[in-house]
Each structure stands twice: as structure tokens, then as C-alpha cells.
Amino acid sequence: MNPDAYITLSALLFSIGAIGVLVRRNAIVVFMCVELMLNACNLALVTFSKQVGDLSGQVAAFFVMVVAAAEVVVGLAIIMSIFRTRRSASVDDASLLKY
Amino acid sequence: MRAFVVNPLSAEEGAVPVVPAEADGVFSLLWLIVALPALSAVVLLLAGRRADRFAPVLGCLAPAASFVIGVVAFVALLGRGEEDRQVEQSLWTWLDVGDYTVSVGLLFDPLSALFVLLITGVGSLIHLYSVGYMADDDRRRRFFGYMNLFVVAMLVLVLADDYLVLFLGWEGVGLASYLLIGFWAHKDSAATAAKKAFVVNRVGDVGMALAVMLMVTTFGASSFVAVSAAMPEVSTAVATALGLLLLLAACGKSAQVPLQSWLLDAMEGPTPVSALIHAATMVTAGVYLVVRSTFIYAEAPVARTAVMVVGLVTLLFGAILGCAKDDIKKVLAASTMSQIGYMHLAAGIGPAGYAFAIFHLLAHGFFKANMFLGAGSVMHALDDEVDMRRYGALARIMPVTFATFAAGYLAIIGFPGFSGFWSKDKIIEAAFAEGWVFGTGALLGAGITAFYMTRVMLMTFLGKRRWQDDAGPHESPSVMTIPLMVLAALSAVGGVLLLGGWITGFLEPVTGPEGEHELFVSPLVLTGLVTVVVLAGVALAWMLFGRDADIPERAPQRVSFPVRAARADLFGDAFNEAVFMRPGQYLTRVLVWVDNKVIDGAVNGLAALVGGTSGQVRRVQTGFVRSYALTILGGALVAIVATLAVTLS
């Protein structure tokens, strides 16, 4: 099996996600981009697992999904409460915690 | 040069090792001599006001009880064979560090025995006197507590069987002296005098501490037994160093030149304190130390010569000061300094002089305590006036004080028959045998002593009356005059100790056999010469301050340079200030500057640097999540690039 295509796709998805995190202001979109990065990682993990013939990569992918689910729970809750108090989901507006 | 060459014979004599027998019989009570005053001091100092009522009684009883035990032990000591008169009572082990062990024990030998009798005997009399003298002081309890504390420390000093234990007593008497000089600390002068005495004494104590350390490194022990046994094998350099260090210690405690400056100021203390501590006992501790260390000085002729020189210089120094002072207590203090100079001179002569040093010490203890108490009695009568220019013609009003003071006076000038005559005569004789410089100096000192003591007598008790009517002088109560009478009797008949050479024979177990010395004239001629010089001093004083002399109420200010010098303590304080105090102050000022600018500068500068830098660096925390994300990404990229660079290269 030739992993090139999978790896390329994974790198592409990761880059898109990373750029999204950096350039977008809306917290929901930033959040989605983070998910995209995580899933790009999952894809790479599964690909290499298949390539090497070792299941631990796939197990790791499950762990990442669990972590991502937990992160979504906490993250969305935070975004919700920020939106409620500030009537905005822009990450640039929530910049009070600084020097 | 002959004068400074120590008799080579005497270097080999007199090195008597200390080999005590274990205490038994009455000697097992020795510890009580120290313990009783200690108990009393603890009660008086810790019991608070409850002890006020019985403070004078308890304060007098404790040293008196010690005196009784001391007499019993002394008689028991006389009952032993001459070779067997060193008794040691071991008490407990104080330190046990590696090979160095210090056991606390009491050594009772002829020397300690005489000191115990002097301290507790004269001490009891002075305590008794204090009952009258301090009757109006509402801090009497504390006074008697401190006095008992002093007696304890002094007894530890003379009964110790180890230099380290002796050092304990040495510091103890220093503490008691400090507390009692500054007893009236509400007077600035008293507080300052106490501090001065303490500081000057510390200089001497450094010598003592170094001597003990040197003993420990050289012999691995500091007990008299071990040191005296090991001394003959030790090199001359170590022996000389030990001798000089002990001399430094003796100089501090005994107010000898160059550490003499504290004694005159110490007269700020109550008069009984001056009599007990600064005349009879504590200031003679230096002489005790030298005589106790015969086995060290036997190996160190140079150190012995140094002791003699210190003694000679001090006896003249003190005598000159005594001529110029108008404060009666300061005259007596200067005279004490001078008489202790005689003792050191005698002690420095070696085996030929040790016994006479102790003999003079005892005689001096009697007559000087007597005269100090007499001066106290006069001050008591004249509202604490100490200026002799305001005394005069007190003989008729205070006959007992006058008569007893006169006995002390005749003793100190060496009037034939009185105690000082025998003791001083012997010292001058031994000094002449040692070299004409020492002999002449001692002879001259005797003349000056006669001069200034006659001056005190004339200005205080005779001549014209110069006190005001409202002073209302009166004779002191009998609780004060009885000690005076006892001490006066002792001053008069103290010479019996020399009868048949008793004291030299008695002290032989400590000092070794009295060395032979050759005189160029017969002792009788010398005695005549001393008497003539003394009479000349008396006559000169009579001419200047005799019955019809007008003594101005204020000391004349336009006086010659020698008088001004003597009034200024021969510039002793000026010297100390110029050589030690000023440079010390400059040094502290420089150190303070260095501390403020350099050390504080470095510390504060470092703190400011860290603070300033972090103030700048924290600006990185902008609060914008996306810039953090960029930082993380950048860091990750750097990490990846670095990893690649390492693995691919």
C-alpha cells in the first residue's frame, strides 16, 4: 500500500486547520479548525499503523477522538458562556487575561 | 643593660608541678564555699520583691558562711604535711570532646586558700558595710545579688583547677564588675564607665582565650596538673607566647599599662564595689594569674621580664596620676593601680618575688579596702561629695573614720611596723636585687605614694574646713565603722604574716623555694633608704598641703604641663582615642559606605535588573489567543526543523 496520498491529505488538512486557527476570529470556526487538525493527525496515525502493521497507532487514534470529544464539551461550554456575556464569539474580543 | 637581664639561675628554679591529692574530710565541703554565695545570688536576683526584706541579711550571711568554711579548710590545710598541701575536689566533667576533656574541680592549695580567705573575709566585711552604705537605696536587693554574684565568680576564679574553668570565673568577675560599676546606670557617666571597663577588659580576655587555645593545641589539655607537668618539655617560644598572653589578660583585669584606662572611671560604682572589686580582689586577679602560672613563667624569662616592666611602668604611672586627682576615689584607684604594679613587679622577679607579691596583695587588700570604705564613709557624711577640695578638717567630726583611714594610710606609705612597710620593703629589696632600674623605680614609687597619700590625708581630714554648713557631716553608723575597725586592725598588723618567713614557707608548694638574691647593701640599709624616701614624700606633701595651706575650692587651671598631663590620665584616654577609637570609627565609616554603596548596590541593582527585564518580557502576554497559537506553531516548526536538521545531517 502506498501511503503517500493519505499522508499528503493529512498534511493538507492539518495545514488548513492550522491556518484556520490563525486567521479566523470566530471561536466556533477556530474550534472546528482545531478539530480538523486533530483529525488530520488521526489520519496520519491510522495510515502509519496500517503501513507498519501495528495496531497501537489505531488505538492512539481512538484516544485522540476521546480527548477531542472531551475538549468539545469543555470548549463549547466556554464559548457559550463568553457569547452570553459579551454577545460575541470573536476570540480577539476575549483578551482580558493578559499582562 | 644589666638591669634587664633576668637572673639565669631563677629560670631553672621554681617550676613546681601541680600534683594535688583527692579531697577528703573537711575538704569535701569545698564546693559549699562557692555554692552558698551562688545560692544566695540566685535567690536575691530571681526571687523579686519578696526577697527585699531579708536581702541584706542573706547577702551578708552567704559570704560569711563561705568564710567560715574557708577558715576550717585553711586550718585543715595547715594540719597537713608541707609536701601534701594541694587538695583537689573533682566535681563533674564539663566538656568531653575527642581527646580534650575539661573536668570542673576545685583546687585548694596555699595560694587559693589565702585568696579564699581574702575574698570571703574582706568580702563579708564589705557586705556588712554595704548594709549601712546602701541603706537608702531601694535597689538594695539587686546590689547584694550582684555582690554575691561577684564573690561566686571570684571564688571560681581562684579555686579553679583548669584554665578554662578559671576563665569562666574570670569572665564572671568581669560581668559582675560591669553590672556594679553601672549600678547607678541612670547616670550617663556610670553607664559609660561600665561599658568602658567591659570593653577594655575584653581586650585582655582575648589574651586569656588565646592562651587557653594555645594550651589546648600544645598540650591537649588546660588543667593546671597537665599544663604544669608538660611545661618543662615545651619550647621557649610557646612558653613565652603563653606568658605574654597571660600577661595581656592580667593587664586587662588588673588595670596595668597599657590597659589601665578603665579603672579610674570604674569609680562611678558604689564605694563598697570599689573597695571589694576594684581594690581588694578582682583587680588583683592578674597577680593571681601570674603567680598561679609559675610553671609557665619559669620557662619564659622574656615574659617574666615583660611582667616586671609592666609592673614598674604601672606603679609609676598610677603614682603620678594619684598626685593630680582631686576626686578621693580616683586617687585611691590610681593608688590601687600603682600598688598592683608593685605586685606585678614582684611576681615578674620570679621565685624570689612570688610570695612577696601575694603578701603585698593581702596587705593591700586590707589597707586599700579599709581606705575605700573610709572614703565611702566620708562621702556618706558629705552628701556623696567626692572632691577633696570640699573636704578638710573632718578628723574631729569623724574620729573613727579618721583613725581607721590613718591606719590604712600608714600601711600604704610603708610606715615602719604597719603591714605595707613589710610587704613593700620586701618587694623593693627583691627589685634592687633584680636590677637597679627596677629597684630605683620601686623606691621612687614609694616616695610618690607617700606624697599623694599624705595629700589625701591632709586635704580630707586636716587643714581648713572647706565644706558648706548645710552638708552637716556626721560619723557613720556602727554597721559601717565596725568593718572599718577590723580592716584597720588588719592593715596595722598584717605584717605578722611575714613573721619568721611564714608566708614564703607556706606558699612554697605553689611558688617553689624562694630564690637567693644578692644585694649590694645590707637589707637594713635599704629599709632605711626606703623610709627616708617615704619621709621625704610625706614632708613635701606637708609643705604643700599642710595645716596652713590655702587650697582653692576649684582646681587651678593655669598649671604646668606635667600637672595637666597627670590630670588627663597621662593622655591614656587620648592615646586610646587617637590610636584605636578614631581609626576604628573611620574604618566603620568606610565599611558602612562599602555596605551601602557596593554591597547594597549590587543586590539592589540585580533586583532592579530582574524586575525591569520581566516588566518588558511580560508584554509578550497580549491576551490574544491567536498570537499564542502562532507562537505555538512557530515553536513546533522550529522543533521540527531542528529535529530534521539533526537527523538528516
# chains A, B, ... in the order shown; residues from 1 in each chain; ligands from 1

$ interface_residues --of "chain A" --to "chain B" --cutoff "10 Å" --atoms "only C-alpha atoms" --output "list of chain:residue names"
A:Ala18, A:Ile19, A:Val21, A:Leu22, A:Val23, A:Arg24, A:Arg25, A:Val30, A:Val91, A:Asp92, A:Asp93, A:Ala94, A:Ser95, A:Leu96, A:Leu97, A:Lys98, A:Tyr99

$ write_last_selection --atoms "N, CA and C atoms" --output "compact mmCIF listing (two decimals), in the first residue's frame"
# COMPACT_ATOMS: atom_id res chain seq x y z
N ALA A 18 -4.53 24.55 10.73
CA ALA A 18 -3.63 25.48 11.42
C ALA A 18 -3.85 26.89 10.93
N ILE A 19 -3.94 27.06 9.61
CA ILE A 19 -4.16 28.40 9.07
C ILE A 19 -5.49 28.94 9.54
N VAL A 21 -7.01 28.27 12.32
CA VAL A 21 -6.90 28.71 13.72
C VAL A 21 -6.28 30.10 13.77
N LEU A 22 -5.26 30.32 12.90
CA LEU A 22 -4.54 31.58 12.97
C LEU A 22 -5.33 32.75 12.39
N VAL A 23 -6.07 32.51 11.32
CA VAL A 23 -6.64 33.66 10.63
C VAL A 23 -8.09 33.93 11.01
N ARG A 24 -8.82 32.93 11.49
CA ARG A 24 -10.24 33.17 11.75
C ARG A 24 -10.43 33.72 13.15
N ARG A 25 -11.49 34.62 13.32
CA ARG A 25 -11.71 35.20 14.64
C ARG A 25 -12.83 34.50 15.38
N VAL A 30 -12.71 28.61 14.76
CA VAL A 30 -11.40 28.23 15.28
C VAL A 30 -11.47 26.83 15.86
N VAL A 91 -12.64 35.60 19.16
CA VAL A 91 -11.58 35.32 20.13
C VAL A 91 -10.74 36.55 20.42
N ASP A 92 -10.73 37.53 19.49
CA ASP A 92 -9.93 38.73 19.74
C ASP A 92 -10.56 39.63 20.80
N ASP A 93 -11.92 39.53 20.90
CA ASP A 93 -12.56 40.37 21.91
C ASP A 93 -12.26 39.88 23.31
N ALA A 94 -12.12 38.55 23.46
CA ALA A 94 -11.88 38.00 24.80
C ALA A 94 -10.37 38.00 25.09
N SER A 95 -9.85 39.22 25.31
CA SER A 95 -8.40 39.32 25.53
C SER A 95 -8.08 40.00 26.86
N LEU A 96 -8.98 39.79 27.85
CA LEU A 96 -8.76 40.47 29.14
C LEU A 96 -7.61 39.83 29.93
N LEU A 97 -7.40 38.54 29.78
CA LEU A 97 -6.38 37.85 30.57
C LEU A 97 -5.01 38.07 29.93
N LYS A 98 -4.39 39.18 30.37
CA LYS A 98 -3.09 39.50 29.76
C LYS A 98 -2.21 40.15 30.81
N TYR A 99 -1.11 40.75 30.39
CA TYR A 99 -0.09 41.26 31.32
C TYR A 99 -0.67 42.27 32.29

$ residues_around --residues "His474 (chain B)" --least-positions-apart "2" --cutoff "12 Å" --atoms "only C-alpha atoms" --output "PyMOL selection string"
chain B and resi 377-383+394-401+469-472+476-477

$ residues_around --residues "Gly98 (chain B)" --least-positions-apart "2" --cutoff "12 Å" --atoms "only C-alpha atoms" --output "list of chain:residue names"
B:Leu95, B:Asp96, B:Tyr100, B:Thr101, B:Val102, B:Val216, B:Gly220, B:Ala221

$ write_last_selection --atoms "N, CA and C atoms" --output "PDB file, in the first residue's frame"
ATOM      1  N   LEU B  95      33.313  19.330  79.762  1.00  0.00           N
ATOM      2  CA  LEU B  95      33.414  19.105  78.322  1.00  0.00           C
ATOM      3  C   LEU B  95      34.121  17.787  78.093  1.00  0.00           C
ATOM      4  N   ASP B  96      33.667  17.055  77.084  1.00  0.00           N
ATOM      5  CA  ASP B  96      34.372  15.833  76.727  1.00  0.00           C
ATOM      6  C   ASP B  96      34.322  15.728  75.218  1.00  0.00           C
ATOM      7  N   TYR B 100      39.989  16.001  74.221  1.00  0.00           N
ATOM      8  CA  TYR B 100      40.038  17.141  75.135  1.00  0.00           C
ATOM      9  C   TYR B 100      38.937  17.017  76.171  1.00  0.00           C
ATOM     10  N   THR B 101      39.334  16.920  77.396  1.00  0.00           N
ATOM     11  CA  THR B 101      38.359  16.801  78.471  1.00  0.00           C
ATOM     12  C   THR B 101      38.586  17.916  79.480  1.00  0.00           C
ATOM     13  N   VAL B 102      37.514  18.581  79.860  1.00  0.00           N
ATOM     14  CA  VAL B 102      37.613  19.567  80.935  1.00  0.00           C
ATOM     15  C   VAL B 102      36.740  19.083  82.071  1.00  0.00           C
ATOM     16  N   VAL B 216      45.522  24.182  74.667  1.00  0.00           N
ATOM     17  CA  VAL B 216      44.800  23.021  74.152  1.00  0.00           C
ATOM     18  C   VAL B 216      45.516  22.463  72.934  1.00  0.00           C
ATOM     19  N   GLY B 220      46.951  19.583  74.611  1.00  0.00           N
ATOM     20  CA  GLY B 220      45.718  18.810  74.532  1.00  0.00           C
ATOM     21  C   GLY B 220      44.927  18.865  75.816  1.00  0.00           C
ATOM     22  N   ALA B 221      45.275  19.780  76.692  1.00  0.00           N
ATOM     23  CA  ALA B 221      44.555  19.909  77.957  1.00  0.00           C
ATOM     24  C   ALA B 221      44.813  21.295  78.497  1.00  0.00           C
TER      25      ALA B 221
END

$ residues_around --residues "Asp161 (chain B)" --least-positions-apart "5" --cutoff "12 Å" --atoms "only C-alpha atoms" --output "ChimeraX atom specification"
/B:18-20,86-91,102-109,112,155-156,166-169,221-228,292-293

$ select_by_dssp --residues "region 222-387 of chain B" --states "alpha helix (DSSP H)" --output "PyMOL selection string"
chain B and resi 224-230+236-254+262-265+271-275+285-292+294-297+301-324+328-349+354-381

$ closest_residue --among "A:Ala70, A:Val52, A:Ala61, A:Met80" --to "Pro3 (chain A)" --atoms "only C-alpha atoms"
A:Val52

$ residues_around --residues "region 173-186 of chain B" --least-positions-apart "4" --cutoff "8 Å" --atoms "only C-alpha atoms" --output "PyMOL selection string"
chain B and resi 143+146-147+149-150+153-154+169+190-195+197-198+201+253+266-270+273+277+282

$ write_last_selection --atoms "N, CA and C atoms" --output "compact mmCIF listing (two decimals), in the first residue's frame"
# COMPACT_ATOMS: atom_id res chain seq x y z
N PHE B 143 21.61 44.97 94.46
CA PHE B 143 23.01 45.25 94.79
C PHE B 143 23.66 44.05 95.47
N TYR B 146 24.17 41.17 93.07
CA TYR B 146 25.34 41.34 92.21
C TYR B 146 26.63 41.11 93.00
N MET B 147 26.64 41.63 94.24
CA MET B 147 27.86 41.47 95.05
C MET B 147 28.12 39.98 95.31
N LEU B 149 27.08 37.57 93.45
CA LEU B 149 27.48 37.01 92.15
C LEU B 149 28.97 37.22 91.94
N PHE B 150 29.43 38.39 92.31
CA PHE B 150 30.85 38.67 92.16
C PHE B 150 31.68 37.72 93.02
N ALA B 153 31.91 34.36 91.38
CA ALA B 153 32.80 34.32 90.22
C ALA B 153 34.26 34.38 90.66
N MET B 154 34.52 35.23 91.65
CA MET B 154 35.90 35.37 92.11
C MET B 154 36.38 34.08 92.76
N GLY B 169 35.39 31.94 85.69
CA GLY B 169 35.35 32.89 86.80
C GLY B 169 35.85 34.26 86.38
N ALA B 190 28.11 56.76 84.75
CA ALA B 190 28.23 55.40 85.26
C ALA B 190 28.04 54.38 84.15
N ALA B 191 27.03 54.63 83.31
CA ALA B 191 26.78 53.69 82.21
C ALA B 191 27.99 53.63 81.28
N THR B 192 28.55 54.81 80.98
CA THR B 192 29.71 54.85 80.10
C THR B 192 30.90 54.15 80.73
N ALA B 193 31.11 54.42 82.02
CA ALA B 193 32.26 53.82 82.71
C ALA B 193 32.14 52.30 82.69
N ALA B 194 30.91 51.80 82.89
CA ALA B 194 30.71 50.35 82.90
C ALA B 194 31.06 49.76 81.54
N LYS B 195 30.59 50.46 80.51
CA LYS B 195 30.89 49.96 79.16
C LYS B 195 32.38 49.98 78.89
N ALA B 197 34.86 49.82 81.05
CA ALA B 197 35.52 48.74 81.79
C ALA B 197 35.32 47.42 81.07
N PHE B 198 34.11 47.21 80.60
CA PHE B 198 33.81 45.94 79.94
C PHE B 198 34.63 45.79 78.66
N ASN B 201 38.36 45.37 79.32
CA ASN B 201 38.60 44.03 79.84
C ASN B 201 38.54 42.97 78.76
N LYS B 253 42.63 42.77 83.43
CA LYS B 253 41.88 42.62 84.67
C LYS B 253 42.47 43.50 85.77
N ALA B 266 35.99 53.48 86.63
CA ALA B 266 35.17 52.49 87.33
C ALA B 266 34.73 52.97 88.70
N MET B 267 35.30 54.08 89.17
CA MET B 267 34.93 54.61 90.48
C MET B 267 33.51 55.16 90.49
N GLU B 268 32.83 55.14 89.32
CA GLU B 268 31.43 55.55 89.27
C GLU B 268 30.55 54.62 90.06
N GLY B 269 31.02 53.41 90.30
CA GLY B 269 30.21 52.44 91.04
C GLY B 269 30.10 52.84 92.49
N PRO B 270 29.16 52.20 93.21
CA PRO B 270 29.06 52.47 94.65
C PRO B 270 30.40 52.15 95.33
N VAL B 273 31.63 48.67 96.17
CA VAL B 273 32.06 47.97 94.98
C VAL B 273 33.52 48.30 94.67
N ILE B 277 35.79 45.12 94.62
CA ILE B 277 36.16 44.65 93.30
C ILE B 277 37.38 45.39 92.78
N MET B 282 39.13 41.77 92.72
CA MET B 282 39.14 41.45 91.29
C MET B 282 40.38 41.97 90.59

$ closest_residue --among "B:Leu58, B:Gly512, B:Ala239, B:Leu111" --to "Ser124 (chain B)" --atoms "only C-alpha atoms"
B:Leu58

$ closest_residue --among "A:Ala11, A:Gly20, A:Thr47, A:Ala27" --to "Ile82 (chain A)" --atoms "only C-alpha atoms"
A:Ala27

$ residues_around --residues "region 423-425 of chain B" --least-positions-apart "5" --cutoff "8 Å" --atoms "only C-alpha atoms" --output "PyMOL selection string"
chain B and resi 342+356+359-360+363+414+495+527+530

$ write_last_selection --atoms "N, CA and C atoms" --output "compact mmCIF listing (two decimals), in the first residue's frame"
# COMPACT_ATOMS: atom_id res chain seq x y z
N TYR B 342 53.30 47.19 91.83
CA TYR B 342 54.30 46.59 92.72
C TYR B 342 54.18 45.07 92.72
N PHE B 356 56.18 37.49 97.91
CA PHE B 356 56.03 38.89 98.34
C PHE B 356 54.92 39.57 97.56
N PHE B 359 51.97 38.47 99.38
CA PHE B 359 51.97 39.14 100.69
C PHE B 359 51.49 40.59 100.54
N HIS B 360 52.04 41.28 99.54
CA HIS B 360 51.63 42.66 99.34
C HIS B 360 50.17 42.72 98.91
N ALA B 363 48.13 42.39 102.05
CA ALA B 363 48.22 43.63 102.83
C ALA B 363 47.44 44.73 102.14
N GLY B 414 53.92 52.69 103.97
CA GLY B 414 55.01 51.86 104.46
C GLY B 414 55.62 52.43 105.73
N GLY B 495 51.45 42.60 108.87
CA GLY B 495 52.84 42.21 108.71
C GLY B 495 53.21 40.92 109.42
N THR B 527 66.19 49.32 103.85
CA THR B 527 64.98 49.68 104.59
C THR B 527 65.07 51.13 105.05
N VAL B 530 64.50 53.38 102.09
CA VAL B 530 63.08 53.46 101.75
C VAL B 530 62.36 54.39 102.71

$ closest_residue --among "B:Phe402, B:Tyr409, B:Phe545, B:Phe415" --to "Lys464 (chain B)" --atoms "only C-alpha atoms"
B:Phe545

$ residues_around --residues "Ala375 (chain B)" --least-positions-apart "3" --cutoff "8 Å" --atoms "only C-alpha atoms" --output "VMD selection string"
chain B and resid 271 328 to 329 371 to 372 378 to 379
